[in-house]
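Coordinates as given in upload_3.txt (compact mmCIF, C-alpha atoms):
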# COMPACT_ATOMS: atom_id res chain seq x y z
CA MET Y 22 43.50 139.11 43.74
CA ILE Y 23 42.20 138.22 47.21
CA GLY Y 24 42.09 134.45 47.67
CA ARG Y 25 39.13 132.71 49.27
CA LYS Y 26 39.21 129.66 51.50
CA SER Y 27 36.72 126.80 51.59
CA PRO Y 28 34.91 125.96 54.85
CA ALA Y 29 37.22 122.94 55.26
CA GLN Y 30 40.31 125.13 54.83
CA ILE Y 31 38.98 127.65 57.34
CA GLU Y 32 38.57 124.81 59.82
CA LYS Y 33 42.23 123.93 59.33
CA MET Y 34 43.19 127.53 59.99
CA ALA Y 35 41.03 127.48 63.12
CA ARG Y 36 43.06 124.54 64.45
CA ALA Y 37 46.25 126.59 64.01
CA GLY Y 38 44.43 129.50 65.64
CA GLU Y 39 43.65 127.40 68.70
CA ILE Y 40 47.37 126.83 69.26
CA VAL Y 41 48.05 130.54 68.83
CA ALA Y 42 45.35 131.41 71.36
CA GLY Y 43 46.61 128.88 73.90
CA CYS Y 44 50.17 130.12 73.52
CA LEU Y 45 49.15 133.74 74.09
CA GLU Y 46 47.17 132.78 77.20
CA MET Y 47 50.28 131.06 78.58
CA LEU Y 48 52.54 133.99 77.74
CA LYS Y 49 50.14 136.45 79.35
CA GLU Y 50 50.40 134.53 82.62
CA MET Y 51 54.21 134.57 82.36
CA CYS Y 52 54.43 138.36 82.03
CA ARG Y 53 55.73 139.25 85.49
CA PRO Y 54 58.55 141.53 86.66
CA ASP Y 55 62.06 140.18 86.01
CA VAL Y 56 60.98 137.69 83.32
CA ALA Y 57 63.24 138.02 80.28
CA THR Y 58 61.61 138.21 76.87
CA ALA Y 59 63.92 135.35 75.79
CA GLU Y 60 62.19 133.17 78.40
CA LEU Y 61 58.85 134.01 76.81
CA ASP Y 62 60.21 133.00 73.42
CA ARG Y 63 61.52 129.65 74.64
CA ALA Y 64 58.24 128.85 76.36
CA ALA Y 65 56.28 129.78 73.25
CA GLU Y 66 58.35 127.60 70.94
CA LYS Y 67 58.04 124.65 73.32
CA PHE Y 68 54.25 125.12 73.56
CA ILE Y 69 53.79 125.43 69.81
CA ARG Y 70 55.87 122.37 68.95
CA GLU Y 71 54.31 120.25 71.70
CA HIS Y 72 50.92 120.98 70.15
CA GLY Y 73 52.07 119.87 66.70
CA GLY Y 74 52.67 123.30 65.21
CA ILE Y 75 55.62 125.17 63.78
CA PRO Y 76 56.52 128.73 64.89
CA THR Y 77 55.72 130.66 61.72
CA PHE Y 78 57.92 133.61 62.54
CA LYS Y 79 61.14 131.66 63.17
CA GLY Y 80 63.32 132.03 60.11
CA TYR Y 81 60.73 134.12 58.25
CA ARG Y 82 62.78 136.55 56.16
CA GLY Y 83 65.61 135.83 58.60
CA TYR Y 84 63.69 136.61 61.79
CA PRO Y 85 65.53 134.77 64.60
CA ALA Y 86 62.79 134.05 67.15
CA SER Y 87 59.44 132.29 67.53
CA ILE Y 88 57.49 135.32 68.79
CA CYS Y 89 57.72 139.09 68.74
CA ALA Y 90 57.94 140.76 72.15
CA SER Y 91 57.73 144.56 71.96
CA PRO Y 92 57.80 146.52 75.25
CA ASN Y 93 56.49 150.03 75.90
CA GLU Y 94 57.33 152.38 72.99
CA MET Y 95 58.20 149.45 70.72
CA VAL Y 96 55.31 148.94 68.30
CA VAL Y 97 56.07 145.55 66.74
CA HIS Y 98 58.80 143.08 65.70
CA GLY Y 99 60.74 143.18 68.96
CA ILE Y 100 63.27 140.32 69.00
CA PRO Y 101 63.15 138.51 72.38
CA GLY Y 102 66.39 138.69 74.30
CA GLU Y 103 67.90 139.86 77.58
CA TYR Y 104 65.31 142.56 78.25
CA ARG Y 105 63.56 141.83 81.54
CA LEU Y 106 60.02 142.98 82.14
CA ALA Y 107 59.53 145.50 84.93
CA GLY Y 108 56.50 146.59 86.89
CA GLY Y 109 54.77 149.34 84.95
CA ASP Y 110 55.73 147.98 81.53
CA ILE Y 111 53.35 147.05 78.79
CA VAL Y 112 54.50 144.45 76.27
CA SER Y 113 52.99 143.43 72.94
CA LEU Y 114 53.21 139.72 72.18
CA ASP Y 115 52.72 138.49 68.61
CA VAL Y 116 52.47 134.76 67.81
CA GLY Y 117 52.16 132.91 64.50
CA VAL Y 118 51.64 129.16 64.14
CA THR Y 119 51.72 126.96 61.05
CA LEU Y 120 49.79 123.70 61.41
CA LYS Y 121 49.64 121.26 58.50
CA GLY Y 122 50.37 124.05 56.06
CA TRP Y 123 47.89 126.63 57.40
CA VAL Y 124 48.71 129.73 59.45
CA GLY Y 125 47.12 131.50 62.41
CA ASP Y 126 48.37 134.88 63.67
CA SER Y 127 47.35 136.91 66.71
CA ALA Y 128 48.73 139.52 69.12
CA ILE Y 129 47.90 141.01 72.50
CA THR Y 130 49.35 143.76 74.67
CA VAL Y 131 49.84 142.87 78.33
CA GLU Y 132 50.22 145.10 81.37
CA VAL Y 133 52.98 144.11 83.82
CA GLY Y 134 51.83 145.21 87.25
CA ASP Y 135 50.29 148.69 87.20
CA ALA Y 136 51.25 150.56 84.04
CA GLY Y 137 49.04 153.55 84.78
CA LYS Y 138 45.85 155.01 83.38
CA LEU Y 139 47.27 156.15 80.04
CA ALA Y 140 48.63 152.69 79.24
CA GLU Y 141 45.41 151.02 80.32
CA ARG Y 142 43.31 153.36 78.22
CA LEU Y 143 45.61 152.89 75.24
CA MET Y 144 45.25 149.11 75.46
CA GLU Y 145 41.47 149.31 75.91
CA VAL Y 146 41.03 151.56 72.88
CA THR Y 147 43.33 149.47 70.69
CA GLU Y 148 41.56 146.23 71.53
CA ALA Y 149 38.12 147.81 71.11
CA SER Y 150 39.11 149.15 67.68
CA LEU Y 151 40.05 145.62 66.65
CA TRP Y 152 36.60 144.31 67.55
CA ARG Y 153 34.95 147.16 65.68
CA ALA Y 154 36.98 146.22 62.62
CA ILE Y 155 36.12 142.55 63.05
CA ALA Y 156 32.43 143.45 63.07
CA LYS Y 157 32.80 144.84 59.56
CA CYS Y 158 34.05 141.52 58.16
CA ARG Y 159 30.79 140.60 56.43
CA PRO Y 160 30.05 139.73 52.82
CA GLY Y 161 29.04 142.85 50.91
CA ASN Y 162 31.07 145.26 53.02
CA HIS Y 163 34.31 146.73 51.70
CA LEU Y 164 37.89 146.56 52.91
CA GLY Y 165 37.77 150.30 53.58
CA ASP Y 166 35.01 149.67 56.13
CA VAL Y 167 37.42 147.52 58.15
CA SER Y 168 40.21 150.10 58.02
CA HIS Y 169 37.90 153.03 58.75
CA ALA Y 170 36.43 151.29 61.81
CA VAL Y 171 39.88 151.25 63.44
CA GLN Y 172 40.81 154.81 62.54
CA GLU Y 173 37.50 156.34 63.52
CA TYR Y 174 37.47 154.84 67.01
CA VAL Y 175 41.16 155.35 67.74
CA GLU Y 176 41.24 158.98 66.70
CA ALA Y 177 37.97 159.76 68.48
CA ASN Y 178 39.72 158.65 71.65
CA GLY Y 179 42.75 160.87 71.14
CA PHE Y 180 45.28 158.29 69.92
CA SER Y 181 46.90 157.71 66.52
CA VAL Y 182 47.13 154.72 64.19
CA VAL Y 183 50.46 153.68 62.73
CA ARG Y 184 50.29 154.31 58.98
CA THR Y 185 53.39 152.53 57.69
CA LEU Y 186 52.43 149.06 58.97
CA VAL Y 187 49.37 147.07 57.93
CA GLY Y 188 47.31 143.96 58.51
CA HIS Y 189 47.14 141.36 55.76
CA GLY Y 190 45.47 138.42 54.15
CA ILE Y 191 46.51 135.05 55.56
CA GLY Y 192 46.21 131.37 54.69
CA ARG Y 193 48.92 128.98 53.54
CA LYS Y 194 51.30 131.93 53.85
CA MET Y 195 51.48 134.37 56.73
CA HIS Y 196 51.30 137.36 54.39
CA GLU Y 197 48.83 137.19 51.52
CA GLU Y 198 46.81 139.81 49.68
CA PRO Y 199 45.36 142.24 50.57
CA GLN Y 200 47.22 144.73 52.72
CA ILE Y 201 44.87 146.15 55.38
CA PRO Y 202 45.78 149.64 56.64
CA ASN Y 203 44.37 150.81 59.96
CA TYR Y 204 43.00 153.95 58.31
CA GLY Y 205 40.76 154.39 55.31
CA THR Y 206 37.43 155.40 53.84
CA SER Y 207 34.18 153.53 54.37
CA GLY Y 208 32.90 151.94 51.18
CA ALA Y 209 36.30 152.02 49.49
CA GLY Y 210 38.38 149.10 48.31
CA PRO Y 211 37.52 145.52 47.35
CA GLU Y 212 34.17 144.04 48.30
CA LEU Y 213 34.39 141.41 51.03
CA ARG Y 214 33.26 137.94 50.01
CA GLU Y 215 32.67 134.71 51.88
CA GLY Y 216 35.90 132.75 52.39
CA MET Y 217 38.27 135.69 52.65
CA VAL Y 218 40.53 135.49 55.72
CA PHE Y 219 42.35 138.46 57.22
CA ALA Y 220 44.85 139.19 59.98
CA ILE Y 221 43.50 142.47 61.33
CA GLU Y 222 45.96 144.24 63.63
CA PRO Y 223 45.54 147.77 64.95
CA MET Y 224 48.84 149.30 66.03
CA VAL Y 225 48.05 152.40 68.06
CA ASN Y 226 50.32 155.06 69.55
CA ALA Y 227 49.69 157.34 72.50
CA GLY Y 228 51.44 160.15 70.64
CA SER Y 229 52.32 160.68 66.98
CA HIS Y 230 51.67 158.02 64.36
CA LYS Y 231 55.30 158.25 63.21
CA VAL Y 232 57.65 155.31 63.80
CA VAL Y 233 61.33 154.45 63.38
CA VAL Y 234 63.11 151.16 62.70
CA GLY Y 235 65.83 150.03 65.11
CA ASP Y 236 69.44 149.13 64.41
CA ASP Y 237 68.54 145.44 64.21
CA HIS Y 238 66.36 146.28 61.17
CA TRP Y 239 63.38 144.57 62.84
CA ALA Y 240 62.09 146.44 65.87
CA VAL Y 241 59.72 149.31 65.06
CA SER Y 242 59.27 151.97 67.76
CA THR Y 243 57.38 155.23 68.13
CA ALA Y 244 59.40 158.20 66.89
CA ASP Y 245 58.46 160.25 69.95
CA SER Y 246 59.06 157.45 72.52
CA CYS Y 247 55.37 157.41 73.49
CA LEU Y 248 53.70 154.12 74.36
CA SER Y 249 52.23 151.85 71.70
CA ALA Y 250 49.77 148.94 71.81
CA HIS Y 251 49.04 146.13 69.34
CA PHE Y 252 46.15 143.67 69.14
CA GLU Y 253 45.50 141.21 66.30
CA HIS Y 254 43.16 138.39 65.32
CA THR Y 255 42.83 136.11 62.32
CA VAL Y 256 39.27 136.51 61.04
CA ALA Y 257 37.27 134.67 58.37
CA VAL Y 258 34.45 136.30 56.42
CA THR Y 259 31.53 133.84 56.48
CA ALA Y 260 27.90 133.91 55.42
CA ALA Y 261 26.98 134.07 59.11
CA GLY Y 262 29.31 137.00 59.76
CA PRO Y 263 32.87 137.29 61.08
CA ARG Y 264 34.49 134.20 62.58
CA VAL Y 265 37.52 134.81 64.81
CA LEU Y 266 39.90 131.90 64.26
CA THR Y 267 42.32 132.89 67.04
CA ALA Y 268 39.78 133.62 69.80
CA ARG Y 269 41.14 133.13 73.30
CA ALA Y 270 39.30 131.96 76.40
CA GLY Y 271 36.43 134.30 77.12
CA GLU Y 272 36.33 135.60 73.53
CA LYS Y 273 34.40 132.78 71.85
CA ASN Y 274 31.25 134.92 71.53
CA LYS Y 275 32.89 138.31 71.55
CA SER Y 276 32.69 138.76 67.78
CA LEU Y 277 28.91 138.58 68.09
CA GLU Y 278 29.03 141.21 70.82
CA ALA Y 279 31.10 143.43 68.51
CA VAL Y 280 28.60 143.00 65.71
CA SER Y 281 25.71 144.06 67.93
CA LEU Y 282 27.79 146.98 69.20
CA VAL Y 283 28.57 148.36 65.75
CA TRP Y 284 25.66 147.39 63.54
Show me, as structure tokens, the structure contained in the file I just sent.
Amino acid sequence: MIGRKSPAQIEKMARAGEIVAGCLEMLKEMCRPDVATAELDRAAEKFIREHGGIPTFKGYRGYPASICASPNEMVVHGIPGEYRLAGGDIVSLDVGVTLKGWVGDSAITVEVGDAGKLAERLMEVTEASLWRAIAKCRPGNHLGDVSHAVQEYVEANGFSVVRTLVGHGIGRKMHEEPQIPNYGTSGAGPELREGMVFAIEPMVNAGSHKVVVGDDHWAVSTADSCLSAHFEHTVAVTAAGPRVLTARAGEKNKSLEAVSLVW
């Protein structure tokens, strides 16, 4: 059963999404050589709490930090710590915020200095696949349309989608039904209806789709040590089309651009 949110509830999620977006903008500016990922985590928690929110990730299933910071070949769930960013790194930053009982969740991948053409292309393709998936979030489409939009674009550009990790429904809990793979068949799966809200999150590897879990039982990395990128938005299905609840500065109208690009 895929739950549906009322317009008023979606507005509450959008307020949480605003904090997520602001936090990611701040973290992006902090991503410079010699900055430790633990510093990013402390800054994020301070920002979230000062804006009235709660870091959703902290304590979730025992996770010890407020954000995930996953550099280079690490796909997701990197625990912030002593690792210091270096010029040429890319780092995926994932932030969740709970505000008055409602959750927003978003992720970006950031280049530290000049990471090279492969890394830049990987990030561009991953982010573009997210917007293509967002464009499919319309009443009457199917969940498979969302998944297929990611896979089709990523694979056409020579990269691979991670198959063992998925996006998800979101609302009062960070993880709700349904699971949203980044691969699938157009027209398959449940029909999308107004009020459904999803966290769509392409995780894309420069090499094989295969991944391994680290000794801390959290960090997921590429099995072949190739680079990986991760972008995510919380998106509501509305009568007017997709509404991105975690849009950052400069993205407020981007969902409409994606719709015109795909449809």
Go through Y:Lys157, Y:Lys79, Y:Lys121, Y:Arg63 and flag the residue nearest Glu212 (chain Y), using only C-alpha atoms for the distances.
->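 Result for the nearest residue to Glu212 (chain Y): Y:Lys157.
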Counting all atoms listed in the file, write as a ChimeraX atom specification all protein and nucleic acid residues lying at most 12 Å from (44.5, 138.0, 57.1) in the file's frame.
-> /Y:23-26,31,34,117,123-127,155,158,164,167,187-202,216-222,253-258,265-267
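Minimum distance to Arg53 (chain Y) across Y:Val112, Y:Ile100, Y:Ala65, Y:Leu143 (counting all atoms listed in the file) occurs at Y:Val112.
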Quick one: pull the distance between CA of His98 (chain Y) and CA of Ala140 (chain Y), Å, one decimal.
-> 19.5 Å
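For the atom pair formed by CA of Cys52 (chain Y) and CA of Asn93 (chain Y), the distance is 13.3 Å, given to one decimal.
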Gap from CA of Ser249 (chain Y) to CA of Val96 (chain Y) - Å, one decimal |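 According to the coordinates, CA of Ser249 (chain Y) and CA of Val96 (chain Y) are separated by 5.4 Å.
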Axis-aligned box for all listed atoms of region 130-138 of chain Y, 4 Å per side, centre and edges in Å to one decimal, as lines of an AutoDock Vina configuration file:
center_x = 49.4
center_y = 148.9
center_z = 81.0
size_x = 15.1
size_y = 20.1
size_z = 20.6
Using all atoms listed in the file, which residue out of Y:Gly74, Y:Leu139, Y:Gly161, Y:Val225 lies closest to Pro211 (chain Y)?
->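 The shortest atom-to-atom distance to Pro211 (chain Y) comes from Y:Gly161.
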Surrounding residues of Phe252 (chain Y) excluding itself and chain neighbours under 2 positions, 8 Å, all atoms listed in the file, as a list of chain:residue names |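 Counting all atoms listed in the file, the residues come to Y:Ser113, Y:Ser127, Y:Ala128, Y:Ile129, Y:Thr130, Y:Thr147, Y:Glu148, Y:Leu151, Y:Glu222, Y:Pro223, Y:Met224, Y:Ala250, Y:His254.
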Any idea what's packed within 9 Å of Ala59 (chain Y), counting only C-alpha atoms, ignoring anything in its chain fewer than 3 positions away? Could you give it as a ChimeraX atom specification?
-> /Y:56,62-64,86,90,100-105
Output of the above residues as a PDB file, in the coordinates of the input, restricted to C-alpha atoms:
ATOM      1  CA  VAL Y  56      60.980 137.690  83.320  1.00  0.00           C
ATOM      2  CA  ASP Y  62      60.210 133.000  73.420  1.00  0.00           C
ATOM      3  CA  ARG Y  63      61.520 129.650  74.640  1.00  0.00           C
ATOM      4  CA  ALA Y  64      58.240 128.850  76.360  1.00  0.00           C
ATOM      5  CA  ALA Y  86      62.790 134.050  67.150  1.00  0.00           C
ATOM      6  CA  ALA Y  90      57.940 140.760  72.150  1.00  0.00           C
ATOM      7  CA  ILE Y 100      63.270 140.320  69.000  1.00  0.00           C
ATOM      8  CA  PRO Y 101      63.150 138.510  72.380  1.00  0.00           C
ATOM      9  CA  GLY Y 102      66.390 138.690  74.300  1.00  0.00           C
ATOM     10  CA  GLU Y 103      67.900 139.860  77.580  1.00  0.00           C
ATOM     11  CA  TYR Y 104      65.310 142.560  78.250  1.00  0.00           C
ATOM     12  CA  ARG Y 105      63.560 141.830  81.540  1.00  0.00           C
TER      13      ARG Y 105
END
Could you check which of Y:Glu176, Y:Arg153, Y:Leu120, Y:Asn203 is closest to Gln30 (chain Y), using all atoms listed in the file?
->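 Looking at the shortest contact to Gln30 (chain Y), the residue is Y:Leu120.
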Near-Val234 (chain Y) list (12 Å; all atoms listed in the file; drop same-chain fewer than 5 positions) as a list in words |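 What passes the distance filter is Glu94, Met95, Val96, Val97, His98, Gly99, Thr185, Leu186, Trp239, Ala240, Val241, Ser242, Thr243 and Ala244 of chain Y.
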Expected file: the selected residues, C-alpha atoms, as a tab-separated table (two decimals), in the coordinates of the input:
chain	number	residue	atom	x	y	z
Y	94	GLU	CA	57.33	152.38	72.99
Y	95	MET	CA	58.20	149.45	70.72
Y	96	VAL	CA	55.31	148.94	68.30
Y	97	VAL	CA	56.07	145.55	66.74
Y	98	HIS	CA	58.80	143.08	65.70
Y	99	GLY	CA	60.74	143.18	68.96
Y	185	THR	CA	53.39	152.53	57.69
Y	186	LEU	CA	52.43	149.06	58.97
Y	239	TRP	CA	63.38	144.57	62.84
Y	240	ALA	CA	62.09	146.44	65.87
Y	241	VAL	CA	59.72	149.31	65.06
Y	242	SER	CA	59.27	151.97	67.76
Y	243	THR	CA	57.38	155.23	68.13
Y	244	ALA	CA	59.40	158.20	66.89
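You can rank Y:Ala268, Y:Asp55, Y:Asp135, Y:Asp236 by their closest distance to Glu39 (chain Y) using only C-alpha atoms, and at the top of that list sits Y:Ala268.
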What residues have an atom no more than 10 Å from (41.9, 157.8, 68.0) in the file's own frame, counting all atoms listed in the file, and can you write them as a ChimeraX atom specification?
-> /Y:143,146-147,150,171-182,225-227
Since we have the selection now, will you write its residues out, keeping C-alpha atoms, as an mmCIF file, in the coordinates of the input?
data_model
loop_
_atom_site.group_PDB
_atom_site.id
_atom_site.type_symbol
_atom_site.label_atom_id
_atom_site.label_comp_id
_atom_site.auth_asym_id
_atom_site.auth_seq_id
_atom_site.Cartn_x
_atom_site.Cartn_y
_atom_site.Cartn_z
ATOM 1 C CA LEU Y 143 45.610 152.890 75.240
ATOM 2 C CA VAL Y 146 41.030 151.560 72.880
ATOM 3 C CA THR Y 147 43.330 149.470 70.690
ATOM 4 C CA SER Y 150 39.110 149.150 67.680
ATOM 5 C CA VAL Y 171 39.880 151.250 63.440
ATOM 6 C CA GLN Y 172 40.810 154.810 62.540
ATOM 7 C CA GLU Y 173 37.500 156.340 63.520
ATOM 8 C CA TYR Y 174 37.470 154.840 67.010
ATOM 9 C CA VAL Y 175 41.160 155.350 67.740
ATOM 10 C CA GLU Y 176 41.240 158.980 66.700
ATOM 11 C CA ALA Y 177 37.970 159.760 68.480
ATOM 12 C CA ASN Y 178 39.720 158.650 71.650
ATOM 13 C CA GLY Y 179 42.750 160.870 71.140
ATOM 14 C CA PHE Y 180 45.280 158.290 69.920
ATOM 15 C CA SER Y 181 46.900 157.710 66.520
ATOM 16 C CA VAL Y 182 47.130 154.720 64.190
ATOM 17 C CA VAL Y 225 48.050 152.400 68.060
ATOM 18 C CA ASN Y 226 50.320 155.060 69.550
ATOM 19 C CA ALA Y 227 49.690 157.340 72.500
#
Taking into account all atoms listed in the file, which residue in the set Y:Ala154, Y:Leu213, Y:Ile111, Y:Val116 is nearest to Ala170 (chain Y)?
-> Y:Ala154
